[in-house]
$ cat entry.txt   # compact mmCIF, C-alpha atoms (C1' of nucleotides)
# COMPACT_ATOMS: atom_id res chain seq x y z
CA MET A 114 93.83 106.49 92.87
CA LEU A 115 90.39 105.03 93.08
CA LYS A 116 91.77 101.71 91.94
CA LEU A 117 90.51 98.33 93.01
CA THR A 118 93.22 96.14 94.52
CA LYS A 119 94.42 93.02 92.77
CA LYS A 120 92.77 91.03 95.51
CA THR A 121 89.42 92.39 94.46
CA ASP A 122 90.20 91.63 90.83
CA TYR A 123 91.04 88.07 91.78
CA ALA A 124 87.91 87.80 93.89
CA LEU A 125 85.76 88.91 90.99
CA MET A 126 87.44 86.45 88.64
CA ALA A 127 86.85 83.64 91.11
CA ILE A 128 83.23 84.62 91.58
CA ASN A 129 82.89 84.81 87.84
CA TYR A 130 84.33 81.32 87.59
CA MET A 131 81.72 79.98 89.98
CA ALA A 132 78.72 81.89 88.70
CA TYR A 133 76.14 80.14 86.56
CA ARG A 134 77.55 76.66 87.13
CA LYS A 135 75.47 73.54 87.26
CA GLU A 136 74.02 72.52 90.60
CA GLY A 137 76.63 70.48 92.50
CA PHE A 138 79.67 71.90 90.76
CA LEU A 139 82.55 72.60 93.13
CA ALA A 140 85.33 74.98 92.18
CA ASN A 141 88.63 74.36 93.85
CA THR A 142 91.41 76.82 94.44
CA ARG A 143 93.88 75.11 92.13
CA ASN A 144 91.53 75.12 89.15
CA ILE A 145 90.74 78.78 89.49
CA SER A 146 94.39 79.63 90.12
CA GLU A 147 95.51 77.85 86.98
CA THR A 148 92.70 79.15 84.82
CA TYR A 149 93.40 82.78 85.57
CA HIS A 150 97.09 82.54 86.52
CA ILE A 151 96.49 83.75 90.03
CA PRO A 152 99.10 82.84 92.70
CA LEU A 153 97.65 79.85 94.54
CA GLU A 154 98.31 80.93 98.12
CA GLN A 155 96.94 84.37 97.53
CA LEU A 156 93.83 83.09 95.87
CA ALA A 157 93.36 80.65 98.73
CA LYS A 158 93.24 83.49 101.22
CA ILE A 159 90.86 85.50 99.12
CA LEU A 160 88.49 82.55 98.82
CA GLN A 161 88.67 82.06 102.57
CA THR A 162 87.73 85.68 103.10
CA LEU A 163 84.85 85.42 100.65
CA SER A 164 83.75 82.27 102.41
CA LYS A 165 83.90 83.92 105.83
CA ASN A 166 81.65 86.63 104.45
CA GLY A 167 79.16 84.14 103.09
CA ILE A 168 79.72 85.15 99.49
CA ILE A 169 80.92 81.66 98.68
CA VAL A 170 80.42 78.39 100.57
CA SER A 171 83.27 76.04 101.35
CA HIS A 172 83.17 72.25 101.19
CA ASN A 173 86.04 70.66 103.01
CA GLY A 174 88.03 67.51 102.22
CA PRO A 175 89.11 65.93 98.94
CA LYS A 176 86.70 66.58 96.10
CA GLY A 177 85.91 69.67 98.12
CA GLY A 178 85.86 73.21 96.89
CA TYR A 179 83.69 76.28 96.79
CA THR A 180 80.26 77.18 95.54
CA LEU A 181 78.73 80.60 95.09
CA GLY A 182 76.72 81.31 98.20
CA VAL A 183 74.66 84.16 96.86
CA ASP A 184 72.47 85.01 93.90
CA PRO A 185 74.45 86.97 91.29
CA GLU A 186 71.41 89.13 90.70
CA GLN A 187 71.03 89.93 94.36
CA PHE A 188 74.44 90.86 95.59
CA THR A 189 76.69 93.62 94.48
CA LEU A 190 80.16 94.80 93.58
CA GLY A 191 80.09 97.02 96.65
CA GLU A 192 79.70 93.99 98.90
CA VAL A 193 82.62 92.19 97.28
CA ILE A 194 84.85 95.23 97.67
CA ARG A 195 83.89 95.60 101.31
CA ALA A 196 84.50 91.91 101.97
CA ILE A 197 88.01 92.06 100.53
CA GLU A 198 89.18 95.61 101.12
CA GLY A 199 87.10 96.71 104.07
CA PRO A 200 84.78 99.71 104.13
CA ILE A 201 84.86 101.91 101.05
CA GLN A 202 86.29 105.29 101.88
CA MET A 203 87.23 107.90 99.35
CA ILE A 204 88.15 110.19 102.20
CA ARG A 205 90.66 109.38 104.90
CA CYS A 206 89.59 111.73 107.65
CA ILE A 207 87.02 109.44 109.22
CA GLU A 208 89.10 106.33 109.68
CA GLY A 209 89.26 105.32 113.33
CA GLU A 210 87.73 108.53 114.66
CA SER A 211 91.19 110.08 114.92
CA SER A 212 90.25 113.34 113.35
CA CYS A 213 93.06 114.89 111.41
CA SER A 214 94.76 118.05 112.54
CA GLN A 215 93.18 120.12 109.82
CA THR A 216 89.62 119.25 110.80
CA GLU A 217 89.07 122.67 112.27
CA GLN A 218 89.90 124.50 109.06
CA CYS A 219 88.78 121.82 106.65
CA THR A 220 85.50 122.74 105.08
CA ILE A 221 85.59 120.20 102.30
CA ARG A 222 85.01 117.21 104.50
CA THR A 223 81.23 117.32 104.71
CA PRO A 224 80.57 117.61 100.97
CA LEU A 225 83.14 114.91 100.27
CA ILE A 226 81.41 112.54 102.66
CA LYS A 227 78.24 113.05 100.67
CA ILE A 228 80.07 112.30 97.45
CA GLU A 229 81.58 109.21 99.02
CA GLN A 230 78.10 108.05 99.98
CA GLN A 231 76.98 108.47 96.39
CA LEU A 232 79.92 106.36 95.29
CA VAL A 233 78.96 103.65 97.76
CA ASP A 234 75.38 103.75 96.50
CA PHE A 235 76.69 103.45 92.96
CA LEU A 236 78.74 100.37 93.77
CA ASP A 237 75.92 98.87 95.80
CA ASN A 238 73.71 99.02 92.77
CA ILE A 239 75.99 97.07 90.48
CA THR A 240 74.92 93.47 90.79
CA ILE A 241 77.41 90.74 90.11
CA ASP A 242 75.42 89.39 87.19
CA THR A 243 76.23 92.56 85.24
CA ILE A 244 79.86 91.52 85.54
CA CYS A 245 79.46 87.78 85.11
CA ASN A 246 76.79 87.60 82.45
CA GLU A 247 79.49 88.44 79.96
CA ASN A 248 80.19 84.72 79.98
CA GLU A 249 76.97 84.06 78.21
CA ALA A 250 77.73 86.79 75.72
CA ILE A 251 81.03 85.08 74.99
CA ASP A 252 79.41 81.68 74.69
CA GLN A 253 77.05 83.27 72.22
CA LYS A 254 79.95 84.80 70.34
CA LYS A 255 81.66 81.43 70.18
CA ALA A 256 78.47 79.89 68.90
CA ILE A 257 78.23 82.53 66.19
CA ARG A 258 81.87 82.13 65.30
CA GLY A 259 81.27 78.42 65.08
CA LEU A 260 78.41 79.00 62.72
CA SER A 261 80.32 81.38 60.47
CA ASN A 262 83.16 78.88 60.32
CA ILE A 263 80.80 76.34 58.94
CA SER A 264 78.68 78.44 56.61
CA PRO A 265 81.20 79.59 53.95
CA MET B 82 90.65 100.87 98.04
CA LEU B 83 89.04 103.54 95.95
CA LYS B 84 90.65 106.16 98.12
CA LEU B 85 91.81 109.55 96.99
CA THR B 86 95.47 110.23 97.74
CA LYS B 87 96.50 112.79 100.31
CA LYS B 88 97.81 114.89 97.47
CA THR B 89 94.31 115.16 96.07
CA ASP B 90 92.98 116.03 99.51
CA TYR B 91 95.56 118.77 99.78
CA ALA B 92 94.77 120.01 96.29
CA LEU B 93 91.09 120.26 97.12
CA MET B 94 91.83 122.13 100.33
CA ALA B 95 94.04 124.55 98.47
CA ILE B 96 91.42 125.07 95.78
CA ASN B 97 88.85 125.56 98.48
CA TYR B 98 91.11 128.15 100.06
CA MET B 99 91.27 130.08 96.81
CA ALA B 100 87.67 129.76 95.75
CA TYR B 101 85.30 132.68 96.12
CA ARG B 102 88.01 135.16 97.07
CA LYS B 103 87.90 138.81 96.18
CA GLU B 104 89.32 139.87 92.85
CA GLY B 105 93.07 140.42 93.21
CA PHE B 106 93.56 138.12 96.20
CA LEU B 107 96.71 136.00 95.94
CA ALA B 108 97.09 132.86 98.00
CA ASN B 109 100.64 131.87 98.74
CA THR B 110 101.93 128.45 99.55
CA ARG B 111 102.96 129.30 103.09
CA ASN B 112 99.55 130.64 104.06
CA ILE B 113 97.73 127.59 102.78
CA SER B 114 100.28 125.27 104.32
CA GLU B 115 99.87 126.85 107.74
CA THR B 116 96.13 127.11 107.59
CA TYR B 117 95.61 123.42 106.87
CA HIS B 118 98.83 122.03 108.36
CA ILE B 119 100.03 120.70 105.05
CA PRO B 120 103.81 120.10 104.64
CA LEU B 121 105.10 123.12 102.77
CA GLU B 122 107.27 121.40 100.17
CA GLN B 123 104.57 118.93 99.33
CA LEU B 124 101.94 121.57 98.96
CA ALA B 125 104.33 123.59 96.79
CA LYS B 126 104.57 120.71 94.34
CA ILE B 127 100.87 120.16 94.28
CA LEU B 128 100.25 123.81 93.53
CA GLN B 129 102.83 123.67 90.75
CA THR B 130 101.04 120.72 89.25
CA LEU B 131 97.68 122.44 89.48
CA SER B 132 99.23 125.49 87.90
CA LYS B 133 100.72 123.47 85.07
CA ASN B 134 97.24 122.12 84.41
CA GLY B 135 95.71 125.57 84.35
CA ILE B 136 93.54 124.93 87.38
CA ILE B 137 95.30 127.70 89.23
CA VAL B 138 97.37 130.61 87.94
CA SER B 139 100.76 131.48 89.39
CA HIS B 140 102.13 134.96 90.00
CA ASN B 141 105.85 134.96 90.50
CA GLY B 142 108.06 137.13 92.70
CA PRO B 143 107.53 138.59 96.14
CA LYS B 144 103.88 139.31 96.96
CA GLY B 145 103.27 136.59 94.44
CA GLY B 146 101.02 133.59 94.86
CA TYR B 147 98.21 131.72 93.18
CA THR B 148 94.72 132.46 92.00
CA LEU B 149 92.02 130.06 90.92
CA GLY B 150 92.22 129.79 87.16
CA VAL B 151 88.84 128.23 86.56
CA ASP B 152 85.22 128.75 87.44
CA PRO B 153 84.23 126.53 90.38
CA GLU B 154 80.91 125.88 88.70
CA GLN B 155 82.54 124.82 85.46
CA PHE B 156 85.26 122.42 86.41
CA THR B 157 85.04 119.19 88.24
CA LEU B 158 86.42 116.85 90.85
CA GLY B 159 87.33 114.44 88.07
CA GLU B 160 89.63 117.00 86.50
CA VAL B 161 91.39 117.69 89.79
CA ILE B 162 91.95 113.99 90.38
CA ARG B 163 93.33 113.53 86.88
CA ALA B 164 95.61 116.55 87.28
CA ILE B 165 97.10 115.18 90.50
CA GLU B 166 96.85 111.41 90.20
CA GLY B 167 96.74 110.86 86.48
CA PRO B 168 93.97 109.06 84.60
CA ILE B 169 91.30 107.47 86.73
CA GLN B 170 91.40 103.72 86.47
CA MET B 171 89.46 101.34 88.63
CA ILE B 172 90.87 98.49 86.63
CA ARG B 173 94.54 97.80 86.13
CA CYS B 174 94.51 95.69 82.99
CA ILE B 175 94.62 98.58 80.53
CA GLU B 176 97.59 100.50 81.89
CA GLY B 177 100.30 100.81 79.27
CA GLU B 178 98.73 98.36 76.85
CA SER B 179 100.66 95.48 78.42
CA SER B 180 97.74 93.13 78.64
CA CYS B 181 97.89 90.90 81.68
CA SER B 182 98.46 87.18 81.38
CA GLN B 183 94.88 86.35 82.27
CA THR B 184 93.38 88.41 79.46
CA GLU B 185 92.49 85.30 77.52
CA GLN B 186 90.38 83.81 80.28
CA CYS B 187 89.27 87.03 81.88
CA THR B 188 85.67 87.74 81.00
CA ILE B 189 85.11 90.42 83.61
CA ARG B 190 87.23 93.04 81.94
CA THR B 191 84.71 94.41 79.49
CA PRO B 192 81.89 94.97 82.00
CA LEU B 193 84.35 96.50 84.47
CA ILE B 194 85.55 98.97 81.89
CA LYS B 195 81.95 100.09 81.48
CA ILE B 196 81.60 100.49 85.22
CA GLU B 197 84.82 102.45 85.32
CA GLN B 198 83.47 104.77 82.65
CA GLN B 199 80.38 105.36 84.74
CA LEU B 200 82.61 106.24 87.67
CA VAL B 201 84.53 108.72 85.54
CA ASP B 202 81.26 110.26 84.38
CA PHE B 203 80.15 110.50 87.98
CA LEU B 204 83.33 112.34 89.02
CA ASP B 205 83.19 114.55 85.95
CA ASN B 206 79.78 115.74 87.00
CA ILE B 207 80.76 116.90 90.45
CA THR B 208 81.66 120.53 90.09
CA ILE B 209 84.06 122.10 92.53
CA ASP B 210 81.46 124.51 93.82
CA THR B 211 79.58 121.60 95.39
CA ILE B 212 82.70 121.03 97.47
CA CYS B 213 83.65 124.64 98.12
CA ASN B 214 80.25 126.22 98.60
CA GLU B 215 80.21 124.68 102.03
CA ASN B 216 82.12 127.79 103.06
CA GLU B 217 79.08 129.86 102.47
CA ALA B 218 76.93 127.35 104.30
CA ILE B 219 79.25 127.69 107.27
CA ASP B 220 79.19 131.44 107.08
CA GLN B 221 75.44 131.17 107.05
CA LYS B 222 75.51 128.82 110.02
CA LYS B 223 77.71 131.23 111.90
CA ALA B 224 75.31 134.02 111.08
CA ILE B 225 72.38 131.97 112.36
CA ARG B 226 74.29 130.98 115.47
CA GLY B 227 75.07 134.61 115.97
CA LEU B 228 71.39 135.44 115.74
CA SER B 229 70.30 132.73 118.14
CA ASN B 230 72.92 133.89 120.58
CA ILE B 231 71.35 137.29 120.57
CA SER B 232 67.68 136.42 120.47
CA PRO B 233 67.12 134.59 123.79
C1' DT C 55 120.45 143.99 94.67
C1' DT C 56 118.16 141.42 97.76
C1' DA C 57 114.42 139.15 100.10
C1' DT C 58 110.39 136.69 98.81
C1' DC C 59 108.10 134.05 96.17
C1' DG C 60 107.27 130.16 92.56
C1' DC C 61 109.72 126.25 89.84
C1' DC C 62 112.02 121.68 89.33
C1' DG C 63 114.47 117.22 89.78
C1' DA C 64 116.23 113.76 92.72
C1' DT C 65 116.11 111.33 96.92
C1' DT C 66 114.48 109.12 101.15
C1' DA C 67 110.88 107.46 104.33
C1' DA C 68 106.52 105.47 105.30
C1' DT C 69 102.62 102.97 104.18
C1' DT C 70 100.03 99.85 101.66
C1' DT C 71 99.52 95.98 98.71
C1' DA C 72 101.16 91.62 96.85
C1' DG C 73 102.86 87.39 97.37
C1' DT C 74 105.19 83.46 100.26
C1' DC C 75 105.94 79.99 103.84
C1' DG C 76 104.83 76.58 107.18
C1' DG C 77 101.69 74.07 109.41
C1' DA C 78 96.88 72.87 111.14
C1' DC C 79 92.33 70.55 110.43
C1' DA C 80 88.56 67.91 107.48
C1' DT C 81 87.08 64.22 104.82
C1' DA C 82 86.47 60.97 100.74
C1' DA C 83 88.77 57.12 98.79
C1' DT C 84 91.69 53.25 99.34
C1' DA D 180 93.49 53.42 109.68
C1' DT D 181 96.07 55.72 106.42
C1' DT D 182 96.64 58.75 102.69
C1' DA D 183 95.86 62.15 99.28
C1' DT D 184 93.44 66.21 98.51
C1' DG D 185 91.13 69.78 99.89
C1' DT D 186 90.15 74.07 103.08
C1' DC D 187 91.87 77.10 106.94
C1' DC D 188 95.00 80.37 109.38
C1' DG D 189 98.75 83.31 111.07
C1' DA D 190 103.14 85.19 110.46
C1' DC D 191 106.38 86.73 107.27
C1' DT D 192 108.98 89.00 103.21
C1' DA D 193 109.00 91.58 98.94
C1' DA D 194 107.36 94.93 95.89
C1' DA D 195 104.98 98.91 94.68
C1' DT D 196 102.91 103.06 95.66
C1' DT D 197 102.42 107.27 98.22
C1' DA D 198 104.19 110.79 101.25
C1' DA D 199 107.54 113.79 102.52
C1' DT D 200 112.20 116.02 102.19
C1' DC D 201 116.34 118.20 100.26
C1' DG D 202 119.02 121.32 97.49
C1' DG D 203 119.37 124.50 94.07
C1' DC D 204 117.38 127.56 90.15
C1' DG D 205 114.63 131.51 88.21
C1' DA D 206 111.36 135.58 88.55
C1' DT D 207 110.24 140.04 90.33
C1' DA D 208 108.59 143.75 93.52
C1' DA D 209 110.49 146.60 96.90
$ encode --input "entry.txt" --output "structure tokens"
Amino acid sequence: MLKLTKKTDYALMAINYMAYRKEGFLANTRNISETYHIPLEQLAKILQTLSKNGIIVSHNGPKGGYTLGVDPEQFTLGEVIRAIEGPIQMIRCIEGESSCSQTEQCTIRTPLIKIEQQLVDFLDNITIDTICNENEAIDQKKAIRGLSNISP
Amino acid sequence: MLKLTKKTDYALMAINYMAYRKEGFLANTRNISETYHIPLEQLAKILQTLSKNGIIVSHNGPKGGYTLGVDPEQFTLGEVIRAIEGPIQMIRCIEGESSCSQTEQCTIRTPLIKIEQQLVDFLDNITIDTICNENEAIDQKKAIRGLSNISP
DNA sequence: TTATCGCCGATTAATTTAGTCGGACATAAT
DNA sequence: ATTATGTCCGACTAAATTAATCGGCGATAA
């Protein structure tokens, strides 16, 4: 029901983990897995997929790990979803050209395709920094909390 | 992956079938089922659900059937989805209050909830007539085709 | 009073998503 | 060189969701 899969959730968490890190920082699967309580093997696969799609960059060997391969302000939620879940389709009747048996009578298809396209556009306009910048907000909150702990 | 369920597809087809009919027209489950090749029992349930939600109105007994209970220009795709699939949630971490184990570390939740809300707003702004008016467009097309068949 | 319709709960089947297992290859440190 | 630590990859099982079916009840126009 229009829900993102857990895989996508995990992918976003991992991306979030890597975003806005110092130059040279490498995130490895275990760290991310433990931080967010994500099953290691599953996360590993997700990172591999992201890597294959160029969203993150892998560095092999010990002391290896992953780096974000894209600019958080340049690439979008839509791209992450497509990388993990495949093409976004609200409607099922296009998949694999095998037109469904109701095609003939079905007059709702065309308008729904338009709506689907609007949804894709919507997701392709949400850059990752709008999701990951929250970190800074939290850091700020912590800083404020720190201050208020001191002041009284 | 952000896909509508078949149930919702069926619901939209059924609504489409009922929209813009003459006063007094009753659509029965069998007709709709045969027209769109939708399994009868399944469609029956969907129509019952729609009826329970006031989207369509049931008329019991022989010669009975359903009528659209709302104005296609007043009610929206979002409402149909909610009636059939329950509340729209892109994100899973809210469902039933049972906060997931990564809540503590998860900084992407808040921004995603905002995005989800935007999605809901989007769906709540698509009125059913934008989906069902296609009928008229097709009628028009047929009319034009008819004309061009005559003219040469 | 009966045939035709909607109404309802429970069950099964199919599909999709989530998570696991086992083993390969790469490479920095010893 | 050998080893420990990392990525990489395919096949598999388990769980959850979605789709479809079954059997029986209640309403009502003919």
$ atom_distance --input "entry.txt" --atom1 "CA of Gly146 in chain B" --atom2 "CA of Leu107 in chain B"
5.1 Å
$ residues_around --input "entry.txt" --residues "range 189-203 of chain D" --least-positions-apart "3" --cutoff "12 Å" --atoms "all atoms listed in the file" --output "PyMOL selection string"
(chain A and resi 114+116+118+158) or (chain B and resi 84-89+91+119-126+166) or (chain C and resi 61-78)
$ residues_around --input "entry.txt" --residues "Thr157 in chain B" --least-positions-apart "6" --cutoff "12 Å" --atoms "all atoms listed in the file" --output "ChimeraX atom specification"
/B:93,96,136,151,163-164,201-213
$ closest_atom_pairs --input "entry.txt" --of "chain C" --to "chain B" --cutoff "8 Å" --atoms "only C-alpha atoms (C1' of nucleotides)" --output "CSV"
residue,atom,partner,partner_atom,distance
C:DA57,C1',B:Pro143,CA,8.0
C:DT58,C1',B:Pro143,CA,4.3
C:DC59,C1',B:Pro143,CA,4.6
C:DG60,C1',B:Asn141,CA,5.4
C:DC61,C1',B:Gln129,CA,7.4
$ closest_atom_pairs --input "entry.txt" --of "chain B" --to "chain A" --cutoff "8 Å" --atoms "all atoms listed in the file" --output "Markdown table"
| residue | atom | partner | partner_atom | distance |
| --- | --- | --- | --- | --- |
| B:Met82 | CA | A:Leu117 | CA | 5.6 |
| B:Leu83 | CA | A:Leu115 | CA | 3.5 |
| B:Lys84 | CA | A:Met203 | CA | 4.0 |
| B:Leu85 | CA | A:Met203 | CA | 5.4 |
| B:Thr86 | CA | A:Met114 | CA | 6.4 |
| B:Leu93 | CA | A:Ile221 | CA | 7.6 |
| B:Met94 | CA | A:Ile221 | CA | 6.8 |
| B:Asn97 | CA | A:Ile221 | CA | 7.3 |
| B:Thr116 | CA | A:Gln218 | CA | 6.9 |
| B:Tyr117 | CA | A:Gln215 | CA | 5.0 |
| B:His118 | CA | A:Gln215 | CA | 6.1 |
| B:Glu166 | CA | A:Met114 | CA | 6.4 |
| B:Ile169 | CA | A:Met114 | CA | 6.7 |
| B:Gln170 | CA | A:Lys116 | CA | 5.8 |
| B:Met171 | CA | A:Lys116 | CA | 4.1 |
| B:Ile172 | CA | A:Lys116 | CA | 6.3 |
| B:Arg173 | CA | A:Lys116 | CA | 7.5 |
| B:Ser182 | CA | A:His150 | CA | 7.1 |
| B:Gln183 | CA | A:Tyr149 | CA | 5.1 |
| B:Gln186 | CA | A:Tyr149 | CA | 6.2 |
| B:Cys187 | CA | A:Tyr149 | CA | 7.0 |
| B:Thr188 | CA | A:Glu247 | CA | 6.3 |
| B:Ile189 | CA | A:Ile244 | CA | 5.7 |
| B:Thr191 | CA | A:Glu247 | CA | 7.9 |
| B:Pro192 | CA | A:Ile244 | CA | 5.3 |
| B:Leu193 | CA | A:Ile244 | CA | 6.8 |
| B:Thr211 | CA | A:Pro224 | CA | 6.9 |
| B:Ile212 | CA | A:Pro224 | CA | 5.3 |
| B:Cys213 | CA | A:Ile221 | CA | 6.4 |
| B:Glu215 | CA | A:Thr220 | CA | 6.4 |
| B:Asn216 | CA | A:Thr220 | CA | 6.4 |
$ atom_distance --input "entry.txt" --atom1 "CA of Gln155 in chain B" --atom2 "CA of Gly135 in chain B"
13.2 Å
$ atom_distance --input "entry.txt" --atom1 "CA of Ala140 in chain A" --atom2 "C1' of DA80 in chain C"
17.2 Å
$ interface_residues --input "entry.txt" --of "chain D" --to "chain B" --cutoff "7 Å" --atoms "only C-alpha atoms (C1' of nucleotides)" --output "list in words"
DA199, DA206, DT207 and DA208 of chain D
$ build_atoms --input "entry.txt" --residues "range 157-170 of chain B" --atoms "N, CA, C and O atoms" --output "PDB file, in the frame of the given file"
ATOM      1  N   THR B 157      85.571 120.277  87.421  1.00  0.00           N
ATOM      2  CA  THR B 157      85.040 119.190  88.240  1.00  0.00           C
ATOM      3  C   THR B 157      86.087 118.447  89.058  1.00  0.00           C
ATOM      4  O   THR B 157      87.290 118.549  88.806  1.00  0.00           O
ATOM      5  N   LEU B 158      85.589 117.710  90.014  1.00  0.00           N
ATOM      6  CA  LEU B 158      86.420 116.850  90.850  1.00  0.00           C
ATOM      7  C   LEU B 158      87.240 115.904  89.992  1.00  0.00           C
ATOM      8  O   LEU B 158      88.426 115.695  90.246  1.00  0.00           O
ATOM      9  N   GLY B 159      86.621 115.343  88.962  1.00  0.00           N
ATOM     10  CA  GLY B 159      87.330 114.440  88.070  1.00  0.00           C
ATOM     11  C   GLY B 159      88.580 115.071  87.489  1.00  0.00           C
ATOM     12  O   GLY B 159      89.647 114.444  87.458  1.00  0.00           O
ATOM     13  N   GLU B 160      88.480 116.320  87.093  1.00  0.00           N
ATOM     14  CA  GLU B 160      89.630 117.000  86.500  1.00  0.00           C
ATOM     15  C   GLU B 160      90.744 117.214  87.516  1.00  0.00           C
ATOM     16  O   GLU B 160      91.928 117.108  87.181  1.00  0.00           O
ATOM     17  N   VAL B 161      90.384 117.515  88.746  1.00  0.00           N
ATOM     18  CA  VAL B 161      91.390 117.690  89.790  1.00  0.00           C
ATOM     19  C   VAL B 161      92.114 116.368  90.032  1.00  0.00           C
ATOM     20  O   VAL B 161      93.349 116.313  90.086  1.00  0.00           O
ATOM     21  N   ILE B 162      91.347 115.305  90.149  1.00  0.00           N
ATOM     22  CA  ILE B 162      91.950 113.990  90.380  1.00  0.00           C
ATOM     23  C   ILE B 162      92.901 113.640  89.246  1.00  0.00           C
ATOM     24  O   ILE B 162      94.031 113.212  89.472  1.00  0.00           O
ATOM     25  N   ARG B 163      92.458 113.846  88.019  1.00  0.00           N
ATOM     26  CA  ARG B 163      93.330 113.530  86.880  1.00  0.00           C
ATOM     27  C   ARG B 163      94.590 114.383  86.893  1.00  0.00           C
ATOM     28  O   ARG B 163      95.685 113.894  86.598  1.00  0.00           O
ATOM     29  N   ALA B 164      94.444 115.661  87.253  1.00  0.00           N
ATOM     30  CA  ALA B 164      95.610 116.550  87.280  1.00  0.00           C
ATOM     31  C   ALA B 164      96.645 116.034  88.286  1.00  0.00           C
ATOM     32  O   ALA B 164      97.845 116.048  88.019  1.00  0.00           O
ATOM     33  N   ILE B 165      96.182 115.582  89.431  1.00  0.00           N
ATOM     34  CA  ILE B 165      97.100 115.180  90.500  1.00  0.00           C
ATOM     35  C   ILE B 165      97.518 113.718  90.394  1.00  0.00           C
ATOM     36  O   ILE B 165      98.689 113.372  90.539  1.00  0.00           O
ATOM     37  N   GLU B 166      96.569 112.841  90.115  1.00  0.00           N
ATOM     38  CA  GLU B 166      96.850 111.410  90.200  1.00  0.00           C
ATOM     39  C   GLU B 166      96.998 110.743  88.845  1.00  0.00           C
ATOM     40  O   GLU B 166      97.304 109.561  88.779  1.00  0.00           O
ATOM     41  N   GLY B 167      96.753 111.475  87.794  1.00  0.00           N
ATOM     42  CA  GLY B 167      96.740 110.860  86.480  1.00  0.00           C
ATOM     43  C   GLY B 167      95.387 110.255  86.183  1.00  0.00           C
ATOM     44  O   GLY B 167      94.473 110.372  86.990  1.00  0.00           O
ATOM     45  N   PRO B 168      95.264 109.595  85.030  1.00  0.00           N
ATOM     46  CA  PRO B 168      93.970 109.060  84.600  1.00  0.00           C
ATOM     47  C   PRO B 168      93.335 108.139  85.630  1.00  0.00           C
ATOM     48  O   PRO B 168      94.017 107.359  86.274  1.00  0.00           O
ATOM     49  N   ILE B 169      92.047 108.276  85.782  1.00  0.00           N
ATOM     50  CA  ILE B 169      91.300 107.470  86.730  1.00  0.00           C
ATOM     51  C   ILE B 169      91.129 106.063  86.193  1.00  0.00           C
ATOM     52  O   ILE B 169      90.544 105.875  85.127  1.00  0.00           O
ATOM     53  N   GLN B 170      91.664 105.090  86.888  1.00  0.00           N
ATOM     54  CA  GLN B 170      91.400 103.720  86.470  1.00  0.00           C
ATOM     55  C   GLN B 170      91.103 102.810  87.633  1.00  0.00           C
ATOM     56  O   GLN B 170      91.924 102.586  88.495  1.00  0.00           O
TER      57      GLN B 170
END
